Amino acid sequence: MSTDQPCRHERSHIVDSAFYGHRYSTAASRRIFCDRCRFQRWLDVEAALALEQAALGIIPADAAQRIAEAAKVERLNLGAVRAEIRRTSHSLVGLLRVFQASIEGGAGEYVHYGATTQDIQDTAQSLEMRDVVDALEHELLAIVTRMADLAELHAETVALGRTHAQPALPIGFGLKIAGWMDEILRSGERLRSLRPRVLTAELFGGVGTMAGFGDQAIDLLRGFSARLGLSAAPLAWHVARDRIAEFVSTLAIVAGTMGRIADEVRLLSRPEFGEVEEEWRLGRVGSSTMPHKRNPEACEQTVMLARLAAGTVGVALNAMSGDHERDSRSLRLEWACVPEVSHYTLAACDITRLIVDGLNIHTDRLLENTKVVAGQIVTERLMLALGKHVGKQTAHEHVYELSQASRSSGTPLEELVRQNGVTQHLTEEELAEIFDPSSYLGHSAELTMYTVAQARAWAAETRRTLGKPVKETSLAHH
């Protein structure tokens, strides 16, 4: 096909791909941001405006009812909408004209009464973001619930703690999972706290004065916001885009957490570690040329999505710079970065949920890997025990020399310790205890179970409150 001919299928972005889109987006994110759904939200906002204006006597009640009944995208000629958008070069007027013409009895004259385009579109974007936050909390709830069970199960499972990609100290494997949960819980709190602050209606007119709404402007804003389940902003935010930047940044943080978890699973699934691995099923293919491959594809995809989500943050921050009282440059940037960060983050969470649900934890390899480097991961314990007799700094120097000699020569550290007079300070029973990594897990189990309890409390609260309208926190000064 010639490159200058339009494609009749009209799918060009990876998130919309019929073949690969499921790896970059979810059914929920595609439903939230499809063209028809966006138009329906704009119509919903227009209907809420008309109904509230009628309730206050600003427009006739019959006109508002006709507007609300007609505010269904399936009733509109979308071909005509598209043509009007291109003819007018305006993002909303084309839809409004077709919508107004579809309403009987002259009621269309009361559509969009006193509002400005960005009032409608910003408010609808808040509805979109609310749906994203709802979907995201559902995903996090499922992930945390599964992780809490895994962490409890493996609270005392001996594993190798690593720092700088090298053996460090023994840990309970549940503590690693607890670290994942703890990070997710902070994002859960961020999402909960941003709802009243970020999910905000806007209805302030052309330059934020509300002049077109007359004496009932404040009451109109309150009722309009309540109808839509959003908080009411105290001032217009046509050019104050910090709310959107916060939303995008928060989602990118969530995706980043999913990327960290997935990358850890990917690393620990390497054959030389063999401690965990993704669930595998017959039929999955890792390579077109190497039939044996079982690649951590889900983990790799999640890491990639986290990187894509991070890339949207700079766009959102750039959108914060707008001129005077209105500036479409910010809005058009958000039309790209808000859907994209939502697609990528929801997809990252969806895939992470599948990874965690099917995660295979090989406890035998976890224990074996600690035994292989037992001499290295007991040096802190040896130093502290010896330090009680010779002083901590002296003990550090002595254990340092012995452990480095052990690494260089291949002689077991325990053997060198016995050859170098340490036994005059430590008994055989004490040395046997020191060189048993499984007995030096510290407070791994206690810390793990504390986080498990926190996670389950958060999950219970999230189940109770998910999807409830945001509380009214604004306009107190009016």
# chains A, B, ... in the order shown; residues from 1 in each chain; ligands from 1
>>> residues_around(residues="region 77-94 of chain A", least_positions_apart="2", cutoff="12 Å", atoms="only C-alpha atoms", output="ChimeraX atom specification")
/A:35-36,38-40,42-43,46,72-75,96-102,111-112,115-122,328,331-332,335
>>> write_last_selection(atoms="N, CA, C and O atoms", output="compact mmCIF listing (two decimals), in the first residue's frame")
# COMPACT_ATOMS: atom_id res chain seq x y z
N ASP A 35 -12.31 7.17 21.91
CA ASP A 35 -12.93 8.41 21.41
C ASP A 35 -14.39 8.54 21.83
O ASP A 35 -14.83 9.60 22.29
N ARG A 36 -15.16 7.48 21.64
CA ARG A 36 -16.58 7.53 21.96
C ARG A 36 -16.79 7.77 23.46
O ARG A 36 -17.70 8.51 23.86
N ARG A 38 -14.72 9.29 25.48
CA ARG A 38 -14.36 10.68 25.77
C ARG A 38 -15.52 11.61 25.42
O ARG A 38 -15.89 12.50 26.20
N PHE A 39 -16.11 11.43 24.24
CA PHE A 39 -17.26 12.25 23.86
C PHE A 39 -18.42 12.06 24.85
O PHE A 39 -19.12 13.01 25.20
N GLN A 40 -18.62 10.80 25.29
CA GLN A 40 -19.72 10.56 26.24
C GLN A 40 -19.47 11.30 27.54
O GLN A 40 -20.41 11.84 28.14
N TRP A 42 -17.85 14.12 27.88
CA TRP A 42 -18.16 15.53 27.62
C TRP A 42 -19.66 15.76 27.66
O TRP A 42 -20.14 16.75 28.22
N LEU A 43 -20.41 14.85 27.07
CA LEU A 43 -21.87 14.95 27.09
C LEU A 43 -22.40 14.81 28.51
O LEU A 43 -23.35 15.51 28.91
N GLU A 46 -21.89 18.10 30.17
CA GLU A 46 -22.87 19.08 29.69
C GLU A 46 -24.25 18.81 30.30
O GLU A 46 -24.97 19.74 30.66
N LYS A 72 -26.37 11.24 24.69
CA LYS A 72 -25.91 9.87 24.48
C LYS A 72 -25.17 9.83 23.16
O LYS A 72 -25.71 10.18 22.10
N VAL A 73 -23.93 9.39 23.24
CA VAL A 73 -23.06 9.48 22.06
C VAL A 73 -23.60 8.65 20.90
O VAL A 73 -23.42 9.00 19.73
N GLU A 74 -24.30 7.55 21.22
CA GLU A 74 -24.81 6.69 20.14
C GLU A 74 -25.93 7.37 19.35
O GLU A 74 -26.27 6.92 18.24
N ARG A 75 -26.48 8.46 19.85
CA ARG A 75 -27.53 9.18 19.14
C ARG A 75 -26.97 10.21 18.17
O ARG A 75 -27.72 10.80 17.39
N LEU A 96 -20.57 19.98 19.99
CA LEU A 96 -21.70 20.74 20.51
C LEU A 96 -22.73 21.05 19.43
O LEU A 96 -23.94 20.97 19.67
N ARG A 97 -22.27 21.40 18.23
CA ARG A 97 -23.23 21.75 17.17
C ARG A 97 -24.07 20.55 16.76
O ARG A 97 -25.28 20.67 16.56
N VAL A 98 -23.43 19.40 16.63
CA VAL A 98 -24.18 18.20 16.27
C VAL A 98 -25.12 17.81 17.40
O VAL A 98 -26.27 17.42 17.18
N PHE A 99 -24.63 17.95 18.64
CA PHE A 99 -25.45 17.64 19.81
C PHE A 99 -26.65 18.57 19.90
O PHE A 99 -27.80 18.13 20.07
N GLN A 100 -26.42 19.86 19.75
CA GLN A 100 -27.51 20.83 19.84
C GLN A 100 -28.58 20.58 18.78
O GLN A 100 -29.78 20.67 19.05
N ALA A 101 -28.12 20.24 17.59
CA ALA A 101 -29.07 20.00 16.49
C ALA A 101 -29.92 18.76 16.72
O ALA A 101 -31.01 18.63 16.15
N SER A 102 -29.41 17.85 17.56
CA SER A 102 -30.15 16.60 17.81
C SER A 102 -31.23 16.75 18.88
O SER A 102 -32.02 15.83 19.09
N VAL A 111 -27.66 24.42 25.81
CA VAL A 111 -26.47 23.60 26.00
C VAL A 111 -25.26 24.50 26.22
O VAL A 111 -25.11 25.54 25.57
N HIS A 112 -24.40 24.12 27.16
CA HIS A 112 -23.12 24.82 27.35
C HIS A 112 -23.35 26.27 27.78
O HIS A 112 -22.62 27.17 27.42
N ALA A 115 -20.65 28.29 30.11
CA ALA A 115 -19.38 27.57 30.33
C ALA A 115 -18.40 27.87 29.21
O ALA A 115 -18.76 28.37 28.14
N THR A 116 -17.13 27.55 29.47
CA THR A 116 -16.12 27.61 28.43
C THR A 116 -15.66 26.19 28.13
O THR A 116 -15.85 25.26 28.94
N THR A 117 -15.07 26.01 26.96
CA THR A 117 -14.69 24.67 26.51
C THR A 117 -13.85 23.93 27.55
O THR A 117 -14.10 22.76 27.86
N GLN A 118 -12.88 24.63 28.12
CA GLN A 118 -11.97 23.94 29.02
C GLN A 118 -12.66 23.55 30.32
O GLN A 118 -12.23 22.58 30.98
N ASP A 119 -13.73 24.25 30.72
CA ASP A 119 -14.51 23.80 31.86
C ASP A 119 -14.99 22.37 31.64
O ASP A 119 -14.91 21.51 32.52
N ILE A 120 -15.52 22.14 30.46
CA ILE A 120 -16.08 20.83 30.13
C ILE A 120 -14.98 19.79 30.01
O ILE A 120 -15.06 18.69 30.59
N GLN A 121 -13.94 20.12 29.29
CA GLN A 121 -12.90 19.14 29.01
C GLN A 121 -12.05 18.84 30.24
O GLN A 121 -11.67 17.68 30.47
N ASP A 122 -11.74 19.85 31.03
CA ASP A 122 -10.98 19.59 32.26
C ASP A 122 -11.80 18.75 33.24
O ASP A 122 -11.27 17.83 33.88
N SER A 328 -3.96 26.63 25.47
CA SER A 328 -4.25 25.27 25.02
C SER A 328 -3.03 24.38 24.92
O SER A 328 -3.15 23.16 24.83
N LEU A 331 -3.16 21.89 27.75
CA LEU A 331 -4.23 20.91 27.60
C LEU A 331 -3.88 19.86 26.56
O LEU A 331 -4.10 18.66 26.78
N ARG A 332 -3.32 20.27 25.45
CA ARG A 332 -3.02 19.30 24.39
C ARG A 332 -1.88 18.37 24.78
O ARG A 332 -1.84 17.21 24.37
N TRP A 335 -3.56 15.70 26.88
CA TRP A 335 -4.32 14.72 26.12
C TRP A 335 -3.44 13.56 25.66
O TRP A 335 -3.94 12.47 25.38
>>> residues_around(residues="Leu136 (chain A)", least_positions_apart="4", cutoff="8 Å", atoms="only C-alpha atoms", output="list in words")
Val132, Leu140, Leu346 and Cys349 of chain A
>>> residues_around(residues="Glu104 (chain A)", least_positions_apart="5", cutoff="9 Å", atoms="only C-alpha atoms", output="PyMOL selection string")
chain A and resi 66-67+70
>>> write_last_selection(atoms="C-alpha atoms", output="PDB file, in the first residue's frame")
ATOM      1  CA  ARG A  66     -34.251  17.216  26.978  1.00  0.00           C
ATOM      2  CA  ILE A  67     -30.509  17.922  27.048  1.00  0.00           C
ATOM      3  CA  ALA A  70     -30.190  13.502  24.349  1.00  0.00           C
TER       4      ALA A  70
END
>>> select_by_dssp(residues="region 64-295 of chain A", states="strand (DSSP E)", output="list in words")
Val158, Ala159, Leu160, Gly161, Arg162, Thr163, Gln166, Pro167, Ala168, Leu169, Pro170, Ile171, Gly172, Thr200, Ala201, Ser231, Ala232, Val276 and Glu277 of chain A
>>> write_last_selection(atoms="all heavy atoms", output="compact mmCIF listing (two decimals), in the first residue's frame")
# COMPACT_ATOMS: atom_id res chain seq x y z
N VAL A 158 14.79 -18.95 54.65
CA VAL A 158 16.14 -18.42 54.58
C VAL A 158 16.48 -18.05 53.14
O VAL A 158 16.27 -18.84 52.21
CB VAL A 158 17.17 -19.44 55.11
CG1 VAL A 158 18.59 -18.85 55.05
CG2 VAL A 158 16.83 -19.83 56.53
N ALA A 159 16.99 -16.84 52.96
CA ALA A 159 17.38 -16.37 51.64
C ALA A 159 18.64 -15.52 51.76
O ALA A 159 19.03 -15.11 52.86
CB ALA A 159 16.25 -15.56 51.01
N LEU A 160 19.25 -15.27 50.63
CA LEU A 160 20.47 -14.47 50.59
C LEU A 160 20.13 -13.02 50.31
O LEU A 160 19.55 -12.70 49.26
CB LEU A 160 21.41 -15.02 49.52
CG LEU A 160 22.71 -14.26 49.26
CD1 LEU A 160 23.54 -14.18 50.53
CD2 LEU A 160 23.50 -14.91 48.13
N GLY A 161 20.49 -12.14 51.23
CA GLY A 161 20.37 -10.73 50.97
C GLY A 161 21.60 -10.23 50.24
O GLY A 161 22.73 -10.61 50.58
N ARG A 162 21.39 -9.42 49.23
CA ARG A 162 22.49 -8.94 48.40
C ARG A 162 22.53 -7.42 48.40
O ARG A 162 21.48 -6.76 48.39
CB ARG A 162 22.36 -9.45 46.96
CG ARG A 162 22.33 -10.97 46.83
CD ARG A 162 22.04 -11.41 45.39
NE ARG A 162 22.12 -12.85 45.22
CZ ARG A 162 21.09 -13.69 45.36
NH1 ARG A 162 19.90 -13.21 45.70
NH2 ARG A 162 21.26 -14.98 45.19
N THR A 163 23.70 -6.85 48.40
CA THR A 163 23.88 -5.42 48.19
C THR A 163 24.95 -5.24 47.12
O THR A 163 25.92 -5.98 47.08
CB THR A 163 24.30 -4.70 49.48
OG1 THR A 163 25.56 -5.21 49.92
CG2 THR A 163 23.27 -4.88 50.58
N GLN A 166 26.15 -8.25 45.26
CA GLN A 166 27.05 -9.20 45.91
C GLN A 166 26.40 -9.73 47.18
O GLN A 166 25.54 -9.08 47.78
CB GLN A 166 28.38 -8.51 46.25
CG GLN A 166 29.16 -7.99 45.05
CD GLN A 166 29.60 -9.11 44.12
OE1 GLN A 166 30.16 -10.11 44.57
NE2 GLN A 166 29.33 -8.96 42.83
N PRO A 167 26.82 -10.94 47.63
CA PRO A 167 26.29 -11.48 48.87
C PRO A 167 26.51 -10.52 50.03
O PRO A 167 27.59 -9.92 50.15
CB PRO A 167 27.07 -12.78 49.06
CG PRO A 167 27.54 -13.14 47.69
CD PRO A 167 27.80 -11.85 46.99
N ALA A 168 25.51 -10.36 50.90
CA ALA A 168 25.62 -9.41 52.02
C ALA A 168 25.34 -10.11 53.34
O ALA A 168 26.25 -10.44 54.09
CB ALA A 168 24.68 -8.24 51.81
N LEU A 169 24.06 -10.37 53.64
CA LEU A 169 23.65 -11.01 54.88
C LEU A 169 22.44 -11.90 54.59
O LEU A 169 21.70 -11.66 53.62
CB LEU A 169 23.25 -9.96 55.93
CG LEU A 169 24.35 -9.04 56.48
CD1 LEU A 169 23.71 -7.91 57.28
CD2 LEU A 169 25.32 -9.82 57.34
N PRO A 170 22.20 -12.90 55.43
CA PRO A 170 20.99 -13.70 55.25
C PRO A 170 19.74 -12.91 55.65
O PRO A 170 19.80 -12.06 56.54
CB PRO A 170 21.22 -14.90 56.17
CG PRO A 170 22.17 -14.41 57.22
CD PRO A 170 23.04 -13.40 56.53
N ILE A 171 18.65 -13.19 55.00
CA ILE A 171 17.36 -12.55 55.31
C ILE A 171 16.27 -13.61 55.24
O ILE A 171 16.46 -14.70 54.68
CB ILE A 171 17.01 -11.41 54.33
CG1 ILE A 171 16.84 -11.96 52.90
CG2 ILE A 171 18.05 -10.31 54.37
CD1 ILE A 171 16.29 -10.95 51.91
N GLY A 172 15.11 -13.29 55.79
CA GLY A 172 13.92 -14.07 55.50
C GLY A 172 13.36 -13.60 54.16
O GLY A 172 13.26 -12.39 53.92
N THR A 200 -11.03 17.02 40.44
CA THR A 200 -11.71 18.30 40.71
C THR A 200 -12.49 18.79 39.50
O THR A 200 -12.00 18.73 38.38
CB THR A 200 -10.64 19.35 41.09
OG1 THR A 200 -9.86 18.86 42.17
CG2 THR A 200 -11.28 20.66 41.48
N ALA A 201 -13.70 19.27 39.76
CA ALA A 201 -14.51 19.87 38.70
C ALA A 201 -14.05 21.30 38.45
O ALA A 201 -13.49 21.96 39.32
CB ALA A 201 -15.98 19.84 39.08
N SER A 231 -14.66 16.93 43.61
CA SER A 231 -14.56 18.08 44.51
C SER A 231 -14.63 19.36 43.68
O SER A 231 -14.36 19.36 42.48
CB SER A 231 -13.25 18.03 45.31
OG SER A 231 -12.13 18.09 44.46
N ALA A 232 -15.04 20.44 44.33
CA ALA A 232 -15.17 21.73 43.65
C ALA A 232 -13.94 22.58 43.92
O ALA A 232 -13.59 22.82 45.07
CB ALA A 232 -16.43 22.45 44.14
N VAL A 276 13.58 -17.81 42.06
CA VAL A 276 12.17 -17.63 41.70
C VAL A 276 12.05 -17.71 40.19
O VAL A 276 13.04 -17.62 39.46
CB VAL A 276 11.62 -16.26 42.18
CG1 VAL A 276 11.74 -16.12 43.69
CG2 VAL A 276 12.33 -15.11 41.48
N GLU A 277 10.85 -17.86 39.71
CA GLU A 277 10.62 -17.77 38.26
C GLU A 277 9.15 -17.52 37.97
O GLU A 277 8.28 -17.85 38.78
CB GLU A 277 11.10 -19.03 37.55
CG GLU A 277 10.28 -20.26 37.76
CD GLU A 277 10.80 -21.46 36.99
OE1 GLU A 277 11.11 -21.34 35.79
OE2 GLU A 277 10.89 -22.54 37.60
>>> residues_around(residues="region 317-319 of chain A", least_positions_apart="5", cutoff="12 Å", atoms="only C-alpha atoms", output="list of chain:residue names")
A:His238, A:Val239, A:Ala240, A:Arg241, A:Asp242, A:Arg243, A:Ile244, A:Ala245, A:Glu246, A:Phe247, A:Val248, A:Ser249, A:Ala310, A:Gly311, A:Thr312, A:Asp327, A:Ser328, A:Arg329, A:Ser330, A:Leu331, A:Arg332, A:Leu333, A:Glu334, A:Trp335, A:Ala336, A:Cys337, A:Val338
>>> closest_residue(among="A:Leu51, A:Pro271, A:Leu76, A:Phe204", to="Ala64 (chain A)", atoms="only C-alpha atoms")
A:Leu51
>>> closest_atom_pairs(of="region 353-373 of chain A", to="region 402-413 of chain A", cutoff="12 Å", atoms="only C-alpha atoms", output="tab-separated table")
residue	atom	partner	partner_atom	distance
A:Lys371	CA	A:Pro412	CA	11.9
A:Val372	CA	A:Pro412	CA	10.7
A:Val373	CA	A:Pro412	CA	9.7
>>> write_last_selection(atoms="all heavy atoms", output="tab-separated table (two decimals), in the first residue's frame")
chain	number	residue	atom	x	y	z
A	371	LYS	N	24.12	-21.11	51.63
A	371	LYS	CA	25.17	-22.01	52.10
A	371	LYS	C	26.45	-21.87	51.28
A	371	LYS	O	27.55	-21.95	51.83
A	371	LYS	CB	24.68	-23.46	52.04
A	371	LYS	CG	23.60	-23.78	53.07
A	371	LYS	CD	23.17	-25.24	52.96
A	371	LYS	CE	22.14	-25.60	54.03
A	371	LYS	NZ	21.69	-27.01	53.90
A	372	VAL	N	26.28	-21.63	49.97
A	372	VAL	CA	27.45	-21.50	49.10
A	372	VAL	C	28.34	-20.35	49.54
A	372	VAL	O	29.58	-20.42	49.44
A	372	VAL	CB	27.01	-21.32	47.63
A	372	VAL	CG1	28.17	-20.93	46.75
A	372	VAL	CG2	26.35	-22.60	47.12
A	373	VAL	N	27.75	-19.28	50.03
A	373	VAL	CA	28.53	-18.10	50.44
A	373	VAL	C	28.43	-17.88	51.95
A	373	VAL	O	28.56	-16.75	52.42
A	373	VAL	CB	28.07	-16.84	49.67
A	373	VAL	CG1	28.41	-16.95	48.20
A	373	VAL	CG2	26.56	-16.62	49.88
>>> residues_around(residues="Asp436 (chain A)", least_positions_apart="2", cutoff="10 Å", atoms="only C-alpha atoms", output="list in words")
Pro170, Thr370, Lys371, Ala374, Gly375, Ile377, Val378, Leu431, Ala432, Glu433, Ile434, Ser438, Ser439 and Tyr440 of chain A
>>> write_last_selection(atoms="N, CA, C and O atoms", output="PDB file, in the first residue's frame")
ATOM      1  N   PRO A 170      22.195 -12.898  55.429  1.00  0.00           N
ATOM      2  CA  PRO A 170      20.986 -13.704  55.248  1.00  0.00           C
ATOM      3  C   PRO A 170      19.743 -12.913  55.649  1.00  0.00           C
ATOM      4  O   PRO A 170      19.798 -12.059  56.543  1.00  0.00           O
ATOM      5  N   THR A 370      22.504 -19.496  50.072  1.00  0.00           N
ATOM      6  CA  THR A 370      23.092 -18.933  51.293  1.00  0.00           C
ATOM      7  C   THR A 370      24.236 -19.800  51.792  1.00  0.00           C
ATOM      8  O   THR A 370      25.245 -19.286  52.300  1.00  0.00           O
ATOM      9  N   LYS A 371      24.121 -21.111  51.628  1.00  0.00           N
ATOM     10  CA  LYS A 371      25.170 -22.012  52.100  1.00  0.00           C
ATOM     11  C   LYS A 371      26.450 -21.871  51.285  1.00  0.00           C
ATOM     12  O   LYS A 371      27.554 -21.954  51.826  1.00  0.00           O
ATOM     13  N   ALA A 374      28.234 -18.951  52.697  1.00  0.00           N
ATOM     14  CA  ALA A 374      28.028 -18.819  54.144  1.00  0.00           C
ATOM     15  C   ALA A 374      29.173 -18.079  54.812  1.00  0.00           C
ATOM     16  O   ALA A 374      28.961 -17.260  55.714  1.00  0.00           O
ATOM     17  N   GLY A 375      30.398 -18.349  54.370  1.00  0.00           N
ATOM     18  CA  GLY A 375      31.548 -17.687  54.970  1.00  0.00           C
ATOM     19  C   GLY A 375      31.549 -16.190  54.761  1.00  0.00           C
ATOM     20  O   GLY A 375      32.115 -15.439  55.566  1.00  0.00           O
ATOM     21  N   ILE A 377      28.660 -14.248  54.343  1.00  0.00           N
ATOM     22  CA  ILE A 377      27.499 -13.546  54.882  1.00  0.00           C
ATOM     23  C   ILE A 377      27.383 -13.642  56.405  1.00  0.00           C
ATOM     24  O   ILE A 377      26.390 -13.199  56.978  1.00  0.00           O
ATOM     25  N   VAL A 378      28.427 -14.204  57.070  1.00  0.00           N
ATOM     26  CA  VAL A 378      28.418 -14.236  58.530  1.00  0.00           C
ATOM     27  C   VAL A 378      29.445 -13.271  59.117  1.00  0.00           C
ATOM     28  O   VAL A 378      29.622 -13.214  60.336  1.00  0.00           O
ATOM     29  N   LEU A 431      31.038 -20.427  67.624  1.00  0.00           N
ATOM     30  CA  LEU A 431      31.431 -20.399  66.207  1.00  0.00           C
ATOM     31  C   LEU A 431      30.439 -21.169  65.340  1.00  0.00           C
ATOM     32  O   LEU A 431      30.112 -20.738  64.227  1.00  0.00           O
ATOM     33  N   ALA A 432      29.968 -22.299  65.843  1.00  0.00           N
ATOM     34  CA  ALA A 432      28.986 -23.077  65.079  1.00  0.00           C
ATOM     35  C   ALA A 432      27.720 -22.256  64.843  1.00  0.00           C
ATOM     36  O   ALA A 432      27.129 -22.276  63.756  1.00  0.00           O
ATOM     37  N   GLU A 433      27.303 -21.522  65.864  1.00  0.00           N
ATOM     38  CA  GLU A 433      26.126 -20.672  65.736  1.00  0.00           C
ATOM     39  C   GLU A 433      26.388 -19.543  64.744  1.00  0.00           C
ATOM     40  O   GLU A 433      25.541 -19.208  63.902  1.00  0.00           O
ATOM     41  N   ILE A 434      27.561 -18.935  64.824  1.00  0.00           N
ATOM     42  CA  ILE A 434      27.913 -17.822  63.946  1.00  0.00           C
ATOM     43  C   ILE A 434      27.908 -18.240  62.490  1.00  0.00           C
ATOM     44  O   ILE A 434      27.432 -17.504  61.611  1.00  0.00           O
ATOM     45  N   SER A 438      21.186 -19.476  58.763  1.00  0.00           N
ATOM     46  CA  SER A 438      19.750 -19.538  59.045  1.00  0.00           C
ATOM     47  C   SER A 438      19.408 -19.037  60.438  1.00  0.00           C
ATOM     48  O   SER A 438      18.235 -18.747  60.718  1.00  0.00           O
ATOM     49  N   SER A 439      20.397 -18.914  61.306  1.00  0.00           N
ATOM     50  CA  SER A 439      20.128 -18.436  62.658  1.00  0.00           C
ATOM     51  C   SER A 439      20.437 -16.948  62.807  1.00  0.00           C
ATOM     52  O   SER A 439      20.468 -16.427  63.923  1.00  0.00           O
ATOM     53  N   TYR A 440      20.672 -16.264  61.679  1.00  0.00           N
ATOM     54  CA  TYR A 440      21.000 -14.827  61.739  1.00  0.00           C
ATOM     55  C   TYR A 440      20.089 -14.046  60.789  1.00  0.00           C
ATOM     56  O   TYR A 440      20.539 -13.295  59.938  1.00  0.00           O
TER      57      TYR A 440
END
>>> decode(residues="region 337-343 of chain A", atoms="all heavy atoms", output="PDB file, in the first residue's frame")
ATOM      1  N   CYS A 337      -0.219  12.756  27.487  1.00  0.00           N
ATOM      2  CA  CYS A 337       0.488  12.105  28.592  1.00  0.00           C
ATOM      3  C   CYS A 337      -0.454  11.460  29.608  1.00  0.00           C
ATOM      4  O   CYS A 337      -0.097  10.443  30.222  1.00  0.00           O
ATOM      5  CB  CYS A 337       1.451  13.064  29.276  1.00  0.00           C
ATOM      6  SG  CYS A 337       0.702  14.418  30.205  1.00  0.00           S
ATOM      7  N   VAL A 338      -1.655  11.995  29.808  1.00  0.00           N
ATOM      8  CA  VAL A 338      -2.577  11.384  30.769  1.00  0.00           C
ATOM      9  C   VAL A 338      -3.034  10.010  30.301  1.00  0.00           C
ATOM     10  O   VAL A 338      -2.954   9.027  31.063  1.00  0.00           O
ATOM     11  CB  VAL A 338      -3.779  12.317  31.061  1.00  0.00           C
ATOM     12  CG1 VAL A 338      -4.874  11.572  31.828  1.00  0.00           C
ATOM     13  CG2 VAL A 338      -3.312  13.518  31.865  1.00  0.00           C
ATOM     14  N   PRO A 339      -3.506   9.846  29.058  1.00  0.00           N
ATOM     15  CA  PRO A 339      -3.840   8.489  28.612  1.00  0.00           C
ATOM     16  C   PRO A 339      -2.634   7.558  28.601  1.00  0.00           C
ATOM     17  O   PRO A 339      -2.744   6.392  29.008  1.00  0.00           O
ATOM     18  CB  PRO A 339      -4.389   8.703  27.192  1.00  0.00           C
ATOM     19  CG  PRO A 339      -4.838  10.124  27.165  1.00  0.00           C
ATOM     20  CD  PRO A 339      -3.882  10.860  28.045  1.00  0.00           C
ATOM     21  N   GLU A 340      -1.495   8.054  28.144  1.00  0.00           N
ATOM     22  CA  GLU A 340      -0.343   7.163  28.026  1.00  0.00           C
ATOM     23  C   GLU A 340       0.113   6.647  29.382  1.00  0.00           C
ATOM     24  O   GLU A 340       0.338   5.451  29.557  1.00  0.00           O
ATOM     25  CB  GLU A 340       0.808   7.873  27.299  1.00  0.00           C
ATOM     26  CG  GLU A 340       0.551   8.018  25.804  1.00  0.00           C
ATOM     27  CD  GLU A 340       1.821   8.278  25.016  1.00  0.00           C
ATOM     28  OE1 GLU A 340       2.846   8.615  25.623  1.00  0.00           O
ATOM     29  OE2 GLU A 340       1.769   8.129  23.786  1.00  0.00           O
ATOM     30  N   VAL A 341       0.276   7.527  30.369  1.00  0.00           N
ATOM     31  CA  VAL A 341       0.718   7.046  31.676  1.00  0.00           C
ATOM     32  C   VAL A 341      -0.327   6.108  32.275  1.00  0.00           C
ATOM     33  O   VAL A 341       0.019   5.157  32.991  1.00  0.00           O
ATOM     34  CB  VAL A 341       1.023   8.224  32.628  1.00  0.00           C
ATOM     35  CG1 VAL A 341      -0.249   8.884  33.168  1.00  0.00           C
ATOM     36  CG2 VAL A 341       1.919   7.771  33.771  1.00  0.00           C
ATOM     37  N   SER A 342      -1.587   6.338  31.967  1.00  0.00           N
ATOM     38  CA  SER A 342      -2.650   5.465  32.474  1.00  0.00           C
ATOM     39  C   SER A 342      -2.581   4.087  31.826  1.00  0.00           C
ATOM     40  O   SER A 342      -2.677   3.060  32.511  1.00  0.00           O
ATOM     41  CB  SER A 342      -4.016   6.112  32.217  1.00  0.00           C
ATOM     42  OG  SER A 342      -4.110   7.374  32.844  1.00  0.00           O
ATOM     43  N   HIS A 343      -2.432   4.059  30.503  1.00  0.00           N
ATOM     44  CA  HIS A 343      -2.284   2.777  29.806  1.00  0.00           C
ATOM     45  C   HIS A 343      -1.093   2.003  30.356  1.00  0.00           C
ATOM     46  O   HIS A 343      -1.209   0.821  30.714  1.00  0.00           O
ATOM     47  CB  HIS A 343      -2.062   3.015  28.309  1.00  0.00           C
ATOM     48  CG  HIS A 343      -3.266   3.472  27.553  1.00  0.00           C
ATOM     49  ND1 HIS A 343      -4.485   2.830  27.600  1.00  0.00           N
ATOM     50  CD2 HIS A 343      -3.437   4.525  26.693  1.00  0.00           C
ATOM     51  CE1 HIS A 343      -5.351   3.456  26.813  1.00  0.00           C
ATOM     52  NE2 HIS A 343      -4.743   4.485  26.259  1.00  0.00           N
TER      53      HIS A 343
END
